[in-house]
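Just start_9.cif here, mmCIF, C-alpha atoms:
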data_work
#
loop_
_atom_site.group_PDB
_atom_site.id
_atom_site.type_symbol
_atom_site.label_atom_id
_atom_site.label_comp_id
_atom_site.auth_asym_id
_atom_site.auth_seq_id
_atom_site.Cartn_x
_atom_site.Cartn_y
_atom_site.Cartn_z
ATOM 1 C CA MET M 1 5.369 43.814 -34.303
ATOM 2 C CA ILE M 2 7.950 43.248 -31.600
ATOM 3 C CA LEU M 3 9.837 46.474 -30.879
ATOM 4 C CA LYS M 4 12.359 47.018 -28.092
ATOM 5 C CA SER M 5 14.760 49.897 -27.470
ATOM 6 C CA TYR M 6 18.053 49.851 -25.534
ATOM 7 C CA THR M 7 20.544 52.571 -24.659
ATOM 8 C CA VAL M 8 23.990 51.110 -25.338
ATOM 9 C CA GLY M 9 27.652 51.983 -25.755
ATOM 10 C CA PRO M 10 29.922 54.792 -24.589
ATOM 11 C CA LEU M 11 27.921 57.481 -26.408
ATOM 12 C CA SER M 12 24.454 56.223 -25.372
ATOM 13 C CA VAL M 13 23.194 55.065 -28.744
ATOM 14 C CA GLN M 14 19.602 53.889 -29.069
ATOM 15 C CA ALA M 15 19.684 50.337 -30.425
ATOM 16 C CA TYR M 16 16.454 48.712 -31.568
ATOM 17 C CA ILE M 17 15.313 45.113 -31.849
ATOM 18 C CA ILE M 18 12.458 44.582 -34.306
ATOM 19 C CA GLY M 19 10.733 41.264 -34.793
ATOM 20 C CA CYS M 20 7.917 39.613 -36.685
ATOM 21 C CA PRO M 21 5.815 37.658 -34.175
ATOM 22 C CA ASP M 22 4.316 35.471 -36.907
ATOM 23 C CA THR M 23 7.621 34.175 -38.269
ATOM 24 C CA GLY M 24 10.109 34.734 -35.435
ATOM 25 C CA ILE M 25 12.432 36.700 -37.733
ATOM 26 C CA GLY M 26 14.157 39.793 -36.356
ATOM 27 C CA MET M 27 16.667 42.534 -37.037
ATOM 28 C CA VAL M 28 18.717 44.821 -34.831
ATOM 29 C CA ILE M 29 19.422 48.448 -35.692
ATOM 30 C CA ASP M 30 22.729 49.996 -34.595
ATOM 31 C CA PRO M 31 24.158 47.526 -32.084
ATOM 32 C CA ALA M 32 26.714 49.773 -30.437
ATOM 33 C CA GLY M 33 27.511 48.078 -27.171
ATOM 34 C CA SER M 34 26.010 45.481 -24.815
ATOM 35 C CA GLU M 35 25.956 42.980 -27.664
ATOM 36 C CA ASP M 36 25.641 40.003 -25.313
ATOM 37 C CA ILE M 37 22.574 41.590 -23.731
ATOM 38 C CA LEU M 38 21.079 42.372 -27.135
ATOM 39 C CA ALA M 39 21.671 38.819 -28.323
ATOM 40 C CA ARG M 40 20.010 37.435 -25.195
ATOM 41 C CA GLU M 41 17.052 39.762 -25.708
ATOM 42 C CA VAL M 42 16.712 38.599 -29.312
ATOM 43 C CA SER M 43 16.616 35.001 -28.108
ATOM 44 C CA ALA M 44 14.282 35.762 -25.187
ATOM 45 C CA SER M 45 11.880 37.388 -27.648
ATOM 46 C CA GLY M 46 11.760 34.147 -29.613
ATOM 47 C CA LEU M 47 13.521 35.675 -32.597
ATOM 48 C CA THR M 48 16.177 34.554 -35.041
ATOM 49 C CA LEU M 49 18.230 37.537 -36.143
ATOM 50 C CA ARG M 50 18.118 37.977 -39.921
ATOM 51 C CA TYR M 51 19.905 41.341 -40.245
ATOM 52 C CA ILE M 52 22.148 43.815 -38.439
ATOM 53 C CA VAL M 53 21.363 47.223 -39.939
ATOM 54 C CA ASN M 54 23.371 50.416 -39.478
ATOM 55 C CA THR M 55 21.667 53.771 -39.946
ATOM 56 C CA HIS M 56 25.124 55.179 -40.705
ATOM 57 C CA GLY M 57 28.801 54.375 -40.360
ATOM 58 C CA HIS M 58 29.927 56.404 -37.356
ATOM 59 C CA PRO M 59 31.772 54.069 -34.997
ATOM 60 C CA ASP M 60 29.543 54.849 -32.023
ATOM 61 C CA HIS M 61 26.740 53.170 -34.017
ATOM 62 C CA THR M 62 28.755 50.352 -35.582
ATOM 63 C CA CYS M 63 31.210 49.337 -32.858
ATOM 64 C CA GLY M 64 29.029 46.354 -31.936
ATOM 65 C CA ASN M 65 28.803 44.924 -35.461
ATOM 66 C CA ARG M 66 31.669 42.455 -35.136
ATOM 67 C CA ARG M 67 30.485 40.960 -31.836
ATOM 68 C CA MET M 68 26.800 40.941 -32.815
ATOM 69 C CA LYS M 69 27.592 39.111 -36.031
ATOM 70 C CA ALA M 70 29.750 36.583 -34.175
ATOM 71 C CA LEU M 71 26.938 35.921 -31.689
ATOM 72 C CA THR M 72 24.115 35.612 -34.216
ATOM 73 C CA GLY M 73 25.576 34.937 -37.654
ATOM 74 C CA ALA M 74 23.465 37.770 -39.091
ATOM 75 C CA PRO M 75 24.932 39.865 -41.941
ATOM 76 C CA VAL M 76 25.618 43.593 -41.582
ATOM 77 C CA LEU M 77 23.745 45.994 -43.881
ATOM 78 C CA MET M 78 24.907 49.565 -44.528
ATOM 79 C CA HIS M 79 24.893 52.174 -47.279
ATOM 80 C CA SER M 80 27.985 51.921 -49.479
ATOM 81 C CA ALA M 81 28.931 55.597 -49.079
ATOM 82 C CA ASP M 82 29.527 55.168 -45.355
ATOM 83 C CA ASP M 83 31.042 51.707 -45.578
ATOM 84 C CA VAL M 84 33.729 53.054 -47.923
ATOM 85 C CA MET M 85 34.305 56.387 -46.186
ATOM 86 C CA PHE M 86 34.628 54.998 -42.671
ATOM 87 C CA ARG M 87 37.397 52.642 -43.727
ATOM 88 C CA ASN M 88 39.501 55.592 -44.929
ATOM 89 C CA PRO M 89 42.652 55.772 -42.756
ATOM 90 C CA GLY M 90 42.288 59.489 -42.111
ATOM 91 C CA VAL M 91 38.696 59.117 -40.976
ATOM 92 C CA ILE M 92 39.604 56.129 -38.815
ATOM 93 C CA GLU M 93 42.170 58.226 -36.972
ATOM 94 C CA VAL M 94 39.564 60.891 -36.172
ATOM 95 C CA PHE M 95 37.444 58.346 -34.356
ATOM 96 C CA ARG M 96 40.331 56.485 -32.765
ATOM 97 C CA ALA M 97 41.046 59.731 -30.971
ATOM 98 C CA TRP M 98 37.621 59.238 -29.376
ATOM 99 C CA GLY M 99 38.516 55.685 -28.393
ATOM 100 C CA LEU M 100 36.274 54.164 -31.070
ATOM 101 C CA GLU M 101 37.469 51.500 -33.488
ATOM 102 C CA PRO M 102 35.977 51.067 -36.979
ATOM 103 C CA ALA M 103 33.721 48.143 -37.783
ATOM 104 C CA PRO M 104 34.616 45.484 -40.365
ATOM 105 C CA PRO M 105 33.207 45.946 -43.890
ATOM 106 C CA ALA M 106 29.476 45.520 -44.384
ATOM 107 C CA ASP M 107 28.213 42.246 -45.828
ATOM 108 C CA ARG M 108 25.567 43.875 -48.009
ATOM 109 C CA TYR M 109 24.836 47.377 -49.224
ATOM 110 C CA ILE M 110 21.430 49.027 -48.979
ATOM 111 C CA ASP M 111 20.249 52.059 -50.924
ATOM 112 C CA HIS M 112 17.305 54.398 -51.308
ATOM 113 C CA GLY M 113 14.078 52.551 -52.046
ATOM 114 C CA ASP M 114 15.297 49.120 -51.009
ATOM 115 C CA ILE M 115 12.918 47.027 -48.915
ATOM 116 C CA ILE M 116 14.248 45.109 -45.918
ATOM 117 C CA GLU M 117 11.974 42.163 -45.207
ATOM 118 C CA VAL M 118 11.850 40.931 -41.628
ATOM 119 C CA GLY M 119 9.473 38.004 -41.790
ATOM 120 C CA ARG M 120 6.172 39.617 -42.779
ATOM 121 C CA LEU M 121 7.394 43.088 -41.882
ATOM 122 C CA ARG M 122 8.708 45.406 -44.574
ATOM 123 C CA PHE M 123 10.873 48.474 -44.023
ATOM 124 C CA LYS M 124 11.776 50.952 -46.751
ATOM 125 C CA VAL M 125 15.293 52.337 -46.873
ATOM 126 C CA ILE M 126 15.370 56.139 -47.216
ATOM 127 C CA HIS M 127 18.792 57.577 -48.039
ATOM 128 C CA THR M 128 19.179 60.798 -46.018
ATOM 129 C CA PRO M 129 22.732 62.119 -46.455
ATOM 130 C CA GLY M 130 23.917 65.074 -44.411
ATOM 131 C CA HIS M 131 24.953 63.746 -41.012
ATOM 132 C CA SER M 132 27.121 61.405 -43.062
ATOM 133 C CA PRO M 133 27.128 60.599 -46.792
ATOM 134 C CA GLY M 134 25.518 57.197 -46.289
ATOM 135 C CA SER M 135 22.993 57.925 -43.561
ATOM 136 C CA VAL M 136 19.697 56.092 -43.989
ATOM 137 C CA CYS M 137 16.344 55.940 -42.223
ATOM 138 C CA LEU M 138 14.081 52.895 -42.104
ATOM 139 C CA TYR M 139 10.350 53.438 -42.559
ATOM 140 C CA GLY M 140 7.529 51.001 -42.063
ATOM 141 C CA HIS M 141 4.450 50.077 -40.071
ATOM 142 C CA GLY M 142 3.955 53.598 -38.764
ATOM 143 C CA TYR M 143 7.539 54.042 -37.547
ATOM 144 C CA ILE M 144 10.680 55.690 -38.877
ATOM 145 C CA PHE M 145 14.081 54.861 -37.396
ATOM 146 C CA THR M 146 16.064 58.021 -38.051
ATOM 147 C CA GLY M 147 19.529 57.283 -36.670
ATOM 148 C CA ASP M 148 21.365 60.595 -36.303
ATOM 149 C CA THR M 149 19.498 62.302 -39.145
ATOM 150 C CA LEU M 150 16.577 63.548 -37.044
ATOM 151 C CA PHE M 151 16.290 63.788 -33.259
ATOM 152 C CA VAL M 152 13.421 64.876 -31.046
ATOM 153 C CA GLY M 153 13.552 68.655 -31.404
ATOM 154 C CA ALA M 154 16.905 68.652 -33.209
ATOM 155 C CA VAL M 155 18.885 67.300 -36.161
ATOM 156 C CA GLY M 156 22.184 65.472 -36.461
ATOM 157 C CA ARG M 157 25.515 67.250 -36.221
ATOM 158 C CA THR M 158 27.308 67.971 -39.483
ATOM 159 C CA ASP M 159 30.826 68.920 -38.349
ATOM 160 C CA LEU M 160 32.231 65.373 -38.675
ATOM 161 C CA PRO M 161 33.867 63.974 -41.846
ATOM 162 C CA GLY M 162 31.412 63.909 -44.741
ATOM 163 C CA GLY M 163 28.798 66.051 -42.989
ATOM 164 C CA SER M 164 26.803 68.852 -44.642
ATOM 165 C CA TYR M 165 24.129 70.904 -42.891
ATOM 166 C CA ASP M 166 22.425 72.016 -46.108
ATOM 167 C CA THR M 167 22.329 68.433 -47.378
ATOM 168 C CA LEU M 168 20.930 67.198 -44.058
ATOM 169 C CA ILE M 169 18.080 69.704 -43.959
ATOM 170 C CA ARG M 170 17.265 69.006 -47.605
ATOM 171 C CA SER M 171 17.152 65.259 -46.897
ATOM 172 C CA ILE M 172 14.795 65.709 -43.961
ATOM 173 C CA LYS M 173 12.459 68.101 -45.769
ATOM 174 C CA THR M 174 12.425 66.029 -48.967
ATOM 175 C CA TYR M 175 12.059 62.522 -47.607
ATOM 176 C CA ILE M 176 10.984 62.569 -43.954
ATOM 177 C CA LEU M 177 8.608 65.472 -43.355
ATOM 178 C CA PRO M 178 6.217 64.407 -46.171
ATOM 179 C CA LEU M 179 5.488 61.156 -44.290
ATOM 180 C CA PRO M 180 2.176 60.943 -42.378
ATOM 181 C CA ASP M 181 2.075 63.205 -39.328
ATOM 182 C CA SER M 182 1.260 60.209 -37.134
ATOM 183 C CA THR M 183 4.534 58.452 -38.028
ATOM 184 C CA ILE M 184 6.489 57.718 -34.836
ATOM 185 C CA VAL M 185 10.080 58.971 -34.891
ATOM 186 C CA LEU M 186 12.610 56.653 -33.217
ATOM 187 C CA PRO M 187 16.002 58.439 -33.186
ATOM 188 C CA GLY M 188 19.531 57.178 -32.676
ATOM 189 C CA HIS M 189 20.015 59.057 -29.391
ATOM 190 C CA ASP M 190 17.648 60.228 -26.672
ATOM 191 C CA TYR M 191 18.583 63.909 -26.832
ATOM 192 C CA GLY M 192 15.144 65.494 -26.634
ATOM 193 C CA ASP M 193 12.500 66.259 -24.038
ATOM 194 C CA GLN M 194 11.083 62.776 -24.623
ATOM 195 C CA PRO M 195 12.528 59.592 -26.157
ATOM 196 C CA THR M 196 10.305 59.556 -29.268
ATOM 197 C CA SER M 197 8.231 61.958 -31.308
ATOM 198 C CA THR M 198 6.017 62.088 -34.382
ATOM 199 C CA ILE M 199 6.483 63.684 -37.766
ATOM 200 C CA GLY M 200 3.628 66.059 -36.978
ATOM 201 C CA ARG M 201 5.206 67.185 -33.713
ATOM 202 C CA GLU M 202 8.590 67.756 -35.358
ATOM 203 C CA LYS M 203 7.043 69.838 -38.123
ATOM 204 C CA GLU M 204 5.398 72.046 -35.508
ATOM 205 C CA THR M 205 8.134 72.309 -32.858
ATOM 206 C CA ASN M 206 11.571 71.457 -34.289
ATOM 207 C CA THR M 207 13.193 74.865 -34.743
ATOM 208 C CA TYR M 208 15.680 73.488 -37.276
ATOM 209 C CA LEU M 209 12.822 72.603 -39.620
ATOM 210 C CA ILE M 210 10.344 75.452 -39.226
#
Please go through the file and, once you have read it, give me the structure as structure tokens.
Amino acid sequence: MILKSYTVGPLSVQAYIIGCPDTGIGMVIDPAGSEDILAREVSASGLTLRYIVNTHGHPDHTCGNRRMKALTGAPVLMHSADDVMFRNPGVIEVFRAWGLEPAPPADRYIDHGDIIEVGRLRFKVIHTPGHSPGSVCLYGHGYIFTGDTLFVGAVGRTDLPGGSYDTLIRSIKTYILPLPDSTIVLPGHDYGDQPTSTIGREKETNTYLI
């Protein structure tokens, strides 16, 4: 599997390029800045972008959708709960105050249990509301891309529109912690003492989850 990580955008989001070396099919998770660089990296990796996937709808993670789609022609995938909520005028104004504009509507909705096929790679969608109503994680091939649901040694904030701390912790304990301890956690921001972690390490050391 081809896997590359980039820190992009004004709030230092971790964007990921994933590719199937056998078929040359790829996807990008949370393009949130530096879209021209990401598109060049997709091409340099010998990939054709099949999907743009958002782990959630916060503008710091979706602000690159429009440009990335224009550069690659790939459709945008997001959970419906966030796609609807983050086009609400009141919510838009909250993020405009941060200097962040909303993304255009998603092209396709994804939900819990869906499988995203990237060539011969398969990633399961896990709906993990709490940071936002439509937050999702992508799990496959020994990795979980957690967006802002789970960080290294921390969890996502819940004080933004649609957030709920109790819901977030329940999502993590129900759907993420039961995964194999060796599963590599790839979060949406590098906020911890190291860029990545494992499920086993988070169960032992993440004070929010003990």
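Proximity of M:Thr146, M:Thr167, M:Thr72, M:Ser12 to Asp190 (chain M), computed with only C-alpha atoms, is greatest for M:Ser12.
Among the candidates M:Glu93, M:Leu160, M:Cys20, M:Glu101, the one nearest to Gly46 (chain M) when counting all atoms listed in the file is M:Cys20.
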remark   = Here CA of Tyr143 (chain M) and CA of Asp111 (chain M) stand apart by 18.6 Å
query = For this file, the PyMOL selection byres ((chain M and resi 5) around 6) selects which residues, as an MDAnalysis selection string?
reply = chainID M and resid 4 6 15:16
message = So that I can check the surroundings of Arg50 (chain M), please list as a VMD selection string every protein, DNA and RNA residue that reaches within 8 Å of it, counting all atoms listed in the file and ignoring chain neighbours fewer than 4 positions away.
response = chain M and resid 25 to 27 74 to 75 118
How would the residues just picked look written out with C-alpha atoms as an mmCIF file, in the frame of the given file?
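File selection_32.cif, as written:
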data_model
loop_
_atom_site.group_PDB
_atom_site.id
_atom_site.type_symbol
_atom_site.label_atom_id
_atom_site.label_comp_id
_atom_site.auth_asym_id
_atom_site.auth_seq_id
_atom_site.Cartn_x
_atom_site.Cartn_y
_atom_site.Cartn_z
ATOM 1 C CA ILE M 25 12.432 36.700 -37.733
ATOM 2 C CA GLY M 26 14.157 39.793 -36.356
ATOM 3 C CA MET M 27 16.667 42.534 -37.037
ATOM 4 C CA ALA M 74 23.465 37.770 -39.091
ATOM 5 C CA PRO M 75 24.932 39.865 -41.941
ATOM 6 C CA VAL M 118 11.850 40.931 -41.628
#
inquiry  = List as a list of chain:residue names the residues having at least one atom at most 9 Å from position (15.3, 65.8, -31.2) as given in the file, counting all atoms listed in the file.
reply    = M:Leu150, M:Phe151, M:Val152, M:Gly153, M:Ala154, M:Val155, M:Gly156, M:Pro187, M:His189, M:Asp190, M:Tyr191, M:Gly192, M:Asp193, M:Gln194, M:Pro195, M:Thr196, M:Ser197, M:Glu202, M:Asn206
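Across M:Gly130, M:Cys137, M:Ile172, M:Val91, the tightest approach to His112 (chain M) is made by M:Cys137 when counting all atoms listed in the file.
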Expand the PyMOL selection byres ((chain M and resi 21) around 12) into the explicit residue set it covers here, and present it as a PDB file with C-alpha atoms, in the frame of the given file.
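Below is the file that was written, result-v4.pdb:
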ATOM      1  CA  MET M   1       5.369  43.814 -34.303  1.00  0.00           C
ATOM      2  CA  ILE M   2       7.950  43.248 -31.600  1.00  0.00           C
ATOM      3  CA  LEU M   3       9.837  46.474 -30.879  1.00  0.00           C
ATOM      4  CA  ILE M  18      12.458  44.582 -34.306  1.00  0.00           C
ATOM      5  CA  GLY M  19      10.733  41.264 -34.793  1.00  0.00           C
ATOM      6  CA  CYS M  20       7.917  39.613 -36.685  1.00  0.00           C
ATOM      7  CA  ASP M  22       4.316  35.471 -36.907  1.00  0.00           C
ATOM      8  CA  THR M  23       7.621  34.175 -38.269  1.00  0.00           C
ATOM      9  CA  GLY M  24      10.109  34.734 -35.435  1.00  0.00           C
ATOM     10  CA  ILE M  25      12.432  36.700 -37.733  1.00  0.00           C
ATOM     11  CA  GLY M  26      14.157  39.793 -36.356  1.00  0.00           C
ATOM     12  CA  VAL M  42      16.712  38.599 -29.312  1.00  0.00           C
ATOM     13  CA  SER M  45      11.880  37.388 -27.648  1.00  0.00           C
ATOM     14  CA  GLY M  46      11.760  34.147 -29.613  1.00  0.00           C
ATOM     15  CA  LEU M  47      13.521  35.675 -32.597  1.00  0.00           C
ATOM     16  CA  THR M  48      16.177  34.554 -35.041  1.00  0.00           C
ATOM     17  CA  VAL M 118      11.850  40.931 -41.628  1.00  0.00           C
ATOM     18  CA  GLY M 119       9.473  38.004 -41.790  1.00  0.00           C
ATOM     19  CA  ARG M 120       6.172  39.617 -42.779  1.00  0.00           C
ATOM     20  CA  LEU M 121       7.394  43.088 -41.882  1.00  0.00           C
TER      21      LEU M 121
END
